[in-house]
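Note: the block below is model_1.txt and it holds compact mmCIF, C-alpha atoms and all ligand atoms.
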```txt
# COMPACT_ATOMS: atom_id res chain seq x y z
CA MET T 10 4.66 19.13 -14.63
CA LYS T 11 4.77 15.35 -14.18
CA GLU T 12 1.70 13.38 -13.10
CA LEU T 13 0.35 13.54 -9.56
CA ILE T 14 1.06 10.39 -7.53
CA VAL T 15 -1.09 9.60 -4.49
CA ILE T 16 0.44 7.33 -1.85
CA THR T 17 -1.48 6.03 1.15
CA GLY T 18 0.41 4.93 4.26
CA ALA T 19 3.18 7.40 3.47
CA SER T 20 4.02 8.12 7.11
CA SER T 21 6.40 5.17 7.47
CA GLY T 22 8.00 2.11 5.92
CA ILE T 23 7.24 1.24 2.31
CA GLY T 24 4.96 4.24 1.72
CA ALA T 25 7.58 6.74 2.89
CA ALA T 26 10.18 5.04 0.67
CA MET T 27 7.78 5.25 -2.30
CA ALA T 28 7.19 8.93 -1.60
CA LYS T 29 10.93 9.61 -1.76
CA ALA T 30 11.38 7.50 -4.91
CA PHE T 31 8.57 9.20 -6.86
CA SER T 32 9.63 12.64 -5.61
CA ALA T 33 13.17 11.96 -6.87
CA LYS T 34 11.57 11.36 -10.28
CA GLY T 35 10.03 14.84 -10.15
CA HIS T 36 6.42 13.92 -9.42
CA PRO T 37 4.09 16.03 -7.31
CA LEU T 38 2.71 13.93 -4.47
CA LEU T 39 -0.32 13.61 -2.27
CA LEU T 40 0.70 11.75 0.88
CA LEU T 41 -2.02 10.24 3.04
CA ALA T 42 -1.89 8.57 6.46
CA ARG T 43 -3.29 9.28 9.89
CA ARG T 44 -0.03 10.73 11.28
CA LEU T 45 0.73 14.05 9.59
CA GLU T 46 4.08 14.91 11.17
CA PRO T 47 6.19 12.04 9.73
CA MET T 48 4.89 12.83 6.23
CA GLN T 49 5.73 16.52 6.61
CA ALA T 50 9.15 15.53 7.99
CA LEU T 51 9.98 13.94 4.63
CA GLN T 52 10.19 17.53 3.31
CA LEU T 53 9.53 16.57 -0.27
CA GLU T 54 9.09 19.24 -2.95
CA ASN T 55 5.66 19.67 -4.54
CA SER T 56 4.01 17.47 -1.99
CA LEU T 57 0.82 17.82 -0.03
CA ALA T 58 0.46 15.74 3.12
CA ILE T 59 -3.02 15.30 4.56
CA SER T 60 -4.08 13.34 7.62
CA VAL T 61 -6.64 10.87 6.33
CA ASP T 62 -7.90 7.53 7.61
CA VAL T 63 -8.30 5.34 4.52
CA THR T 64 -11.49 3.87 5.98
CA ASP T 65 -13.08 7.32 5.63
CA THR T 66 -14.27 7.43 2.00
CA GLU T 67 -15.29 11.09 2.04
CA ALA T 68 -12.06 12.29 3.65
CA MET T 69 -10.06 10.44 1.03
CA LYS T 70 -12.08 11.92 -1.83
CA ALA T 71 -11.77 15.43 -0.37
CA ALA T 72 -7.99 15.10 -0.03
CA ILE T 73 -7.65 13.91 -3.62
CA THR T 74 -9.84 16.75 -4.92
CA GLU T 75 -7.67 19.25 -3.02
CA ALA T 76 -4.46 17.81 -4.49
CA GLU T 77 -5.90 17.70 -8.02
CA THR T 78 -6.76 21.41 -7.80
CA GLN T 79 -3.10 22.08 -7.16
CA TYR T 80 -1.36 19.45 -9.30
CA GLY T 81 -3.84 18.20 -11.92
CA PRO T 82 -5.48 14.78 -12.19
CA VAL T 83 -4.13 11.72 -10.39
CA GLY T 84 -1.80 9.76 -12.65
CA CYS T 85 -1.15 6.99 -10.18
CA LEU T 86 -2.72 5.94 -6.90
CA ILE T 87 -0.73 3.62 -4.67
CA ASN T 88 -2.94 1.92 -2.09
CA ASN T 89 -0.21 0.99 0.36
CA ALA T 90 -1.71 1.68 3.82
CA GLY T 91 -2.15 -1.51 5.80
CA VAL T 92 -1.91 -3.15 9.18
CA MET T 93 -0.85 -6.64 10.20
CA LEU T 94 -2.24 -7.90 13.49
CA LEU T 95 -1.16 -11.50 13.88
CA GLY T 96 -3.01 -13.85 16.18
CA GLN T 97 -4.35 -17.35 16.73
CA ALA T 98 -7.88 -17.61 15.38
CA ASP T 99 -9.30 -19.05 18.62
CA VAL T 100 -7.99 -16.30 20.89
CA GLN T 101 -7.50 -13.18 18.77
CA ASP T 102 -9.80 -10.25 19.49
CA PRO T 103 -12.27 -10.13 16.56
CA GLN T 104 -11.96 -6.35 16.59
CA GLU T 105 -8.45 -6.84 15.21
CA TRP T 106 -9.96 -8.74 12.27
CA SER T 107 -12.43 -5.89 11.62
CA LYS T 108 -9.61 -3.38 11.77
CA MET T 109 -7.54 -5.28 9.21
CA LEU T 110 -10.48 -5.87 6.90
CA ASN T 111 -11.46 -2.20 7.08
CA ILE T 112 -7.99 -0.80 6.45
CA ASN T 113 -6.46 -3.45 4.16
CA VAL T 114 -9.54 -4.15 2.02
CA MET T 115 -12.07 -1.33 2.42
CA GLY T 116 -9.25 1.23 2.43
CA VAL T 117 -8.01 -0.07 -0.92
CA LEU T 118 -11.53 -0.04 -2.38
CA ASN T 119 -12.08 3.50 -1.05
CA GLY T 120 -8.93 4.66 -2.83
CA ILE T 121 -9.99 2.99 -6.06
CA HIS T 122 -13.46 4.52 -5.79
CA ALA T 123 -11.97 7.99 -5.38
CA VAL T 124 -9.98 7.93 -8.64
CA LEU T 125 -11.29 5.26 -11.01
CA ALA T 126 -14.16 7.13 -12.68
CA SER T 127 -11.85 10.00 -13.61
CA MET T 128 -9.16 7.61 -14.90
CA LYS T 129 -11.71 5.77 -17.05
CA ALA T 130 -13.06 9.05 -18.43
CA ARG T 131 -9.52 10.25 -19.22
CA LYS T 132 -8.54 6.83 -20.65
CA THR T 133 -5.34 6.71 -18.61
CA GLY T 134 -4.13 6.04 -15.10
CA THR T 135 -2.48 3.48 -12.87
CA ILE T 136 -3.56 1.99 -9.56
CA ILE T 137 -0.97 0.02 -7.63
CA ASN T 138 -2.24 -2.03 -4.69
CA VAL T 139 0.26 -3.28 -2.14
CA SER T 140 -0.60 -6.83 -1.18
CA SER T 141 1.89 -9.35 0.23
CA ILE T 142 3.38 -12.78 -0.28
CA ALA T 143 0.75 -13.44 2.42
CA GLY T 144 -1.76 -12.74 -0.34
CA ARG T 145 -0.43 -15.74 -2.24
CA LYS T 146 0.38 -18.28 0.48
CA THR T 147 -0.56 -18.76 4.10
CA PHE T 148 1.54 -18.53 7.26
CA PRO T 149 0.80 -19.59 10.86
CA ASN T 150 -1.15 -16.96 12.87
CA HIS T 151 -1.86 -14.92 9.73
CA ALA T 152 -5.43 -16.09 8.98
CA ALA T 153 -7.21 -12.73 8.94
CA TYR T 154 -4.22 -10.85 7.53
CA CYS T 155 -3.87 -13.42 4.72
CA ALA T 156 -7.61 -13.11 4.08
CA THR T 157 -7.20 -9.37 3.54
CA LYS T 158 -4.19 -9.75 1.27
CA PHE T 159 -5.71 -12.58 -0.81
CA ALA T 160 -8.63 -10.15 -1.22
CA VAL T 161 -6.31 -7.41 -2.49
CA HIS T 162 -4.97 -9.76 -5.19
CA ALA T 163 -8.51 -10.75 -6.16
CA LEU T 164 -10.03 -7.30 -6.32
CA THR T 165 -7.07 -5.85 -8.22
CA GLU T 166 -7.19 -8.52 -10.91
CA ASN T 167 -10.99 -8.34 -11.07
CA ILE T 168 -10.96 -4.58 -11.64
CA ARG T 169 -8.01 -4.89 -14.04
CA GLU T 170 -10.16 -7.00 -16.34
CA GLU T 171 -13.02 -4.49 -16.06
CA VAL T 172 -10.97 -1.41 -16.93
CA ALA T 173 -8.40 -2.81 -19.37
CA MET T 174 -10.32 -1.44 -22.36
CA ASP T 175 -10.32 1.99 -20.70
CA ASP T 176 -6.49 1.92 -20.73
CA VAL T 177 -6.34 2.00 -16.93
CA ARG T 178 -3.67 -0.22 -15.40
CA MET T 179 -4.18 -2.23 -12.21
CA VAL T 180 -1.02 -3.54 -10.56
CA THR T 181 -0.46 -5.74 -7.52
CA ILE T 182 2.86 -5.57 -5.67
CA ALA T 183 3.33 -8.49 -3.27
CA PRO T 184 6.35 -8.06 -1.01
CA GLY T 185 7.77 -10.65 1.34
CA ALA T 186 9.05 -9.53 4.73
CA VAL T 187 10.29 -5.92 4.74
CA GLU T 188 11.92 -4.04 7.62
CA THR T 189 9.23 -1.54 8.75
CA GLU T 190 6.92 -0.76 11.68
CA LEU T 191 4.38 -3.34 10.45
CA LEU T 192 5.02 -6.07 13.03
CA SER T 193 5.02 -3.63 15.96
CA HIS T 194 1.20 -3.43 16.11
CA THR T 195 0.72 -7.15 16.79
CA THR T 196 -0.22 -7.52 20.45
CA ASP T 197 0.79 -11.16 21.05
CA GLN T 198 4.41 -10.94 22.23
CA ALA T 199 5.20 -14.64 21.60
CA ILE T 200 4.08 -14.30 17.97
CA LYS T 201 6.10 -11.11 17.58
CA ASP T 202 9.20 -12.81 18.98
CA GLY T 203 8.71 -15.80 16.66
CA TYR T 204 8.35 -13.50 13.64
CA ALA T 205 11.51 -11.61 14.60
CA ASP T 206 13.39 -14.93 14.90
CA TRP T 207 12.05 -16.03 11.51
CA LYS T 208 13.37 -12.84 9.89
CA GLU T 209 16.73 -13.27 11.58
CA ASP T 210 16.95 -16.93 10.50
CA MET T 211 16.59 -15.95 6.85
CA GLY T 212 19.53 -13.59 7.25
CA GLY T 213 17.66 -10.33 6.84
CA VAL T 214 14.70 -9.07 4.89
CA VAL T 215 14.11 -6.64 2.03
CA ALA T 216 14.53 -2.87 2.45
CA PRO T 217 11.49 -0.62 1.82
CA GLU T 218 13.46 1.18 -0.91
CA VAL T 219 13.53 -2.04 -2.96
CA ILE T 220 9.74 -2.24 -2.91
CA ALA T 221 9.57 1.43 -3.86
CA GLU T 222 11.77 0.72 -6.90
CA THR T 223 9.32 -1.93 -8.11
CA ALA T 224 6.47 0.58 -7.95
CA VAL T 225 8.47 3.06 -10.00
CA PHE T 226 9.34 0.28 -12.47
CA ALA T 227 5.70 -0.73 -12.96
CA TYR T 228 4.54 2.88 -13.24
CA GLU T 229 7.24 3.88 -15.72
CA MET T 230 6.34 1.16 -18.21
CA PRO T 231 4.51 2.65 -21.21
CA GLN T 232 0.79 3.09 -20.51
CA SER T 233 0.16 0.38 -23.12
CA VAL T 234 1.97 -2.14 -20.87
CA CYS T 235 0.44 -3.29 -17.58
CA VAL T 236 2.74 -5.03 -15.14
CA ARG T 237 -0.04 -7.05 -13.53
CA GLU T 238 1.82 -8.39 -10.53
CA ILE T 239 5.23 -8.24 -8.93
CA ALA T 240 6.02 -10.65 -6.10
CA LEU T 241 9.40 -10.19 -4.45
CA ALA T 242 11.01 -11.31 -1.23
CA ALA T 243 14.35 -12.04 0.37
CA THR T 244 15.96 -14.89 -1.56
CA ARG T 245 15.96 -17.04 1.56
CA GLN T 246 12.30 -16.44 2.43
CA GLN T 247 10.12 -19.55 2.11
P1 LIG T 301 4.24 0.35 8.32
O1 LIG T 301 3.53 -0.04 9.56
O2 LIG T 301 5.61 0.92 8.44
O3 LIG T 301 3.35 1.37 7.46
C1 LIG T 301 1.96 1.25 7.37
C2 LIG T 301 1.40 2.56 6.86
O4 LIG T 301 -0.02 2.43 6.75
C3 LIG T 301 1.68 3.71 7.79
O5 LIG T 301 2.04 4.86 7.04
C4 LIG T 301 0.34 3.95 8.48
O6 LIG T 301 0.20 5.32 8.81
C5 LIG T 301 -0.61 3.57 7.37
N1 LIG T 301 -1.94 3.26 7.87
C6 LIG T 301 -2.30 2.28 8.71
N2 LIG T 301 -3.61 2.35 8.98
C7 LIG T 301 -4.09 3.43 8.29
C8 LIG T 301 -5.36 4.03 8.15
N3 LIG T 301 -6.45 3.56 8.81
N4 LIG T 301 -5.48 5.12 7.36
C9 LIG T 301 -4.40 5.62 6.72
N5 LIG T 301 -3.17 5.09 6.80
C10 LIG T 301 -3.02 4.01 7.58
O7 LIG T 301 4.25 -0.94 7.41
P2 LIG T 301 4.74 -1.24 5.92
O8 LIG T 301 5.38 -0.07 5.32
O9 LIG T 301 5.46 -2.50 6.00
O10 LIG T 301 3.34 -1.53 5.23
C11 LIG T 301 2.92 -0.98 4.00
C12 LIG T 301 2.12 -2.01 3.25
O11 LIG T 301 2.99 -3.08 2.88
C13 LIG T 301 0.98 -2.64 4.04
O12 LIG T 301 -0.15 -2.78 3.21
C14 LIG T 301 1.54 -4.01 4.40
O13 LIG T 301 0.53 -4.96 4.62
C15 LIG T 301 2.37 -4.30 3.19
N6 LIG T 301 3.39 -5.32 3.36
C16 LIG T 301 4.39 -5.17 4.28
C17 LIG T 301 5.32 -6.17 4.48
C18 LIG T 301 6.37 -6.09 5.55
O14 LIG T 301 7.01 -7.12 5.86
N7 LIG T 301 6.64 -4.92 6.11
C19 LIG T 301 5.30 -7.39 3.67
C20 LIG T 301 4.23 -7.43 2.71
C21 LIG T 301 3.33 -6.43 2.58
P3 LIG T 301 -0.54 5.91 10.10
O15 LIG T 301 -0.32 4.97 11.23
O16 LIG T 301 0.13 7.24 10.27
O17 LIG T 301 -1.97 6.03 9.69
```
Show me this structure written as structure tokens.
Amino acid sequence: MKELIVITGASSGIGAAMAKAFSAKGHPLLLLARRLEPMQALQLENSLAISVDVTDTEAMKAAITEAETQYGPVGCLINNAGVMLLGQADVQDPQEWSKMLNINVMGVLNGIHAVLASMKARKTGTIINVSSIAGRKTFPNHAAYCATKFAVHALTENIREEVAMDDVRMVTIAPGAVETELLSHTTDQAIKDGYADWKEDMGGVVAPEVIAETAVFAYEMPQSVCVREIALAATRQQ
């Protein structure tokens, strides 16, 4: 059987597209997100869907242990779960910052913590962290979100250097705007409207399936080749 792939945030958008893409390649999957039903609705063969909040370290470890019992060790972990709560720094509820930091940064670290020791011991494995173009450049009203995504770039590259000699690959995928549920959680309606206009002005954004293809591309490179970073966005995105 092919290697087990773990995908967080598989209940919608990019994560769901990645689940379909890796399933089509014949991989067994562990799908993690808080909402169970949309992951089960994907109806993918050899897949286990478990409701897990990525901020819960123990729940994540338990889910991975359960999947490994069934499908063998994790070959690739994709830390994709994330939230984007846009706001102006002087008025935004600080709880939204905590939420983003916990999910987008601590969630990624929790995933890494759950699989890295085993990958190092086995001298193989791939961890793909989904960052953003907002992890490379800033945008208005994105301060805390950008902070989390700059952190994802930093921690991925930092750990890549640490585990390179263990033959473990660390990959950052940095998408530009993609059509998903991501924007819907922002509470400031004016910012949401402005973002929607921005996407329309550029004549459309990237489909989640395109981001999924890049994950498959990076993963399918020989284990001796680490695609360190892929940044991709609509051609017209600034
Ligand atoms: P969606 O909102 O469609 O998907 C986000 C996923 O993350 C959902 O499956 C959600 O599941 C999951 N999630 C959120 N919070 C938690 C949590 N606490 N525990 C477990 N799962 C959680 O957005 P996208 O598909 O667009 O986002 C995927 C990733 O791509 C994110 O990291 C995002 O920052 C990044 N990205 C997206 C871009 C875009 O324009 N869409 C651009 C650049 C990067 P549930 O609610 O069921 O828990």
Check your understanding: Which chains and residue numbers are within 7 Å of ligand LIG 301 (chain T), counting all atoms listed in the file, if I want them as a VMD selection string?
Key -> chain T and resid 17 to 24 41 to 45 61 to 64 89 to 93 112 to 113 139 to 143 183 to 191
Selected residues written out with C-alpha atoms, as a compact mmCIF listing (two decimals), in the coordinates of the input:
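Okay, out-v4.txt is ready:
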```txt
# COMPACT_ATOMS: atom_id res chain seq x y z
CA THR T 17 -1.48 6.03 1.15
CA GLY T 18 0.41 4.93 4.26
CA ALA T 19 3.18 7.40 3.47
CA SER T 20 4.02 8.12 7.11
CA SER T 21 6.40 5.17 7.47
CA GLY T 22 8.00 2.11 5.92
CA ILE T 23 7.24 1.24 2.31
CA GLY T 24 4.96 4.24 1.72
CA LEU T 41 -2.02 10.24 3.04
CA ALA T 42 -1.89 8.57 6.46
CA ARG T 43 -3.29 9.28 9.89
CA ARG T 44 -0.03 10.73 11.28
CA LEU T 45 0.73 14.05 9.59
CA VAL T 61 -6.64 10.87 6.33
CA ASP T 62 -7.90 7.53 7.61
CA VAL T 63 -8.30 5.34 4.52
CA THR T 64 -11.49 3.87 5.98
CA ASN T 89 -0.21 0.99 0.36
CA ALA T 90 -1.71 1.68 3.82
CA GLY T 91 -2.15 -1.51 5.80
CA VAL T 92 -1.91 -3.15 9.18
CA MET T 93 -0.85 -6.64 10.20
CA ILE T 112 -7.99 -0.80 6.45
CA ASN T 113 -6.46 -3.45 4.16
CA VAL T 139 0.26 -3.28 -2.14
CA SER T 140 -0.60 -6.83 -1.18
CA SER T 141 1.89 -9.35 0.23
CA ILE T 142 3.38 -12.78 -0.28
CA ALA T 143 0.75 -13.44 2.42
CA ALA T 183 3.33 -8.49 -3.27
CA PRO T 184 6.35 -8.06 -1.01
CA GLY T 185 7.77 -10.65 1.34
CA ALA T 186 9.05 -9.53 4.73
CA VAL T 187 10.29 -5.92 4.74
CA GLU T 188 11.92 -4.04 7.62
CA THR T 189 9.23 -1.54 8.75
CA GLU T 190 6.92 -0.76 11.68
CA LEU T 191 4.38 -3.34 10.45
```
Check your understanding: Quick one, how far is atom CA of His36 of chain T from atom CA of Glu171 of chain T?
Key ->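 For atom CA of His36 of chain T relative to atom CA of Glu171 of chain T, the distance reads 27.6 Å.
You can rank T:Glu218, T:Leu95, T:Val117, T:Glu238 by their closest distance to Ile200 of chain T using all atoms listed in the file, and at the top of that list sits T:Leu95.
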Exercise for review: May I have the residues within 7 Å of Ile87 of chain T as a list in words, using only C-alpha atoms and disregarding those fewer than 6 positions away in the same chain?
Suggested key: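 Here the answer would be Val15, Ile16, Thr17, Ile136, Ile137 and Asn138 of chain T.
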Review point. Separation of atom CA of Gln79 of chain T and atom CA of Ala58 of chain T, in Å?
Key: 12.6 Å
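Nearest residue to Leu164 of chain T among T:Met115, T:Ala68, T:Leu51, T:Val215 is T:Met115, counting all atoms listed in the file.
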Point to revise | For Tyr154 of chain T, the nearest of the candidates T:Ser193, T:Gly120, T:Asp176, T:Leu110, counting all atoms listed in the file | key: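 The answer is T:Leu110, which sits nearest to Tyr154 of chain T.
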Review point. Of the candidates T:Thr181, T:Thr147, T:Ser56, T:Gln104, which shows the shortest atom-to-atom distance to Gln247 of chain T, using all atoms listed in the file?
Key: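 Smallest distance to Gln247 of chain T is found for T:Thr147.
Using only C-alpha atoms for every distance, the candidate list T:Leu192, T:Ala160, T:Leu86, T:Val114 yields T:Leu86 as the residue closest to Met27 of chain T.
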Exercise for review: Point out the residue among T:Phe226, T:Thr196, T:Arg131, T:Lys201 with the least atom-to-atom distance to Glu105 of chain T, counting only C-alpha atoms.
Suggested key: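 The closest residue to Glu105 of chain T is T:Thr196.
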Review point. Suppose you want the space between atom CA of Thr244 of chain T and atom CA of Ile220 of chain T; what is it in Å?
Key: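 Interatomic distance here is 14.2 Å.
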Practice item. Would you list the contacts of Asp99 of chain T as a PyMOL selection string, taking every protein, DNA or RNA residue within 12 Å and counting only C-alpha atoms, but skipping same-chain residues closer than 2 positions in sequence? Key: chain T and resi 96-97+101-103+150+152-153
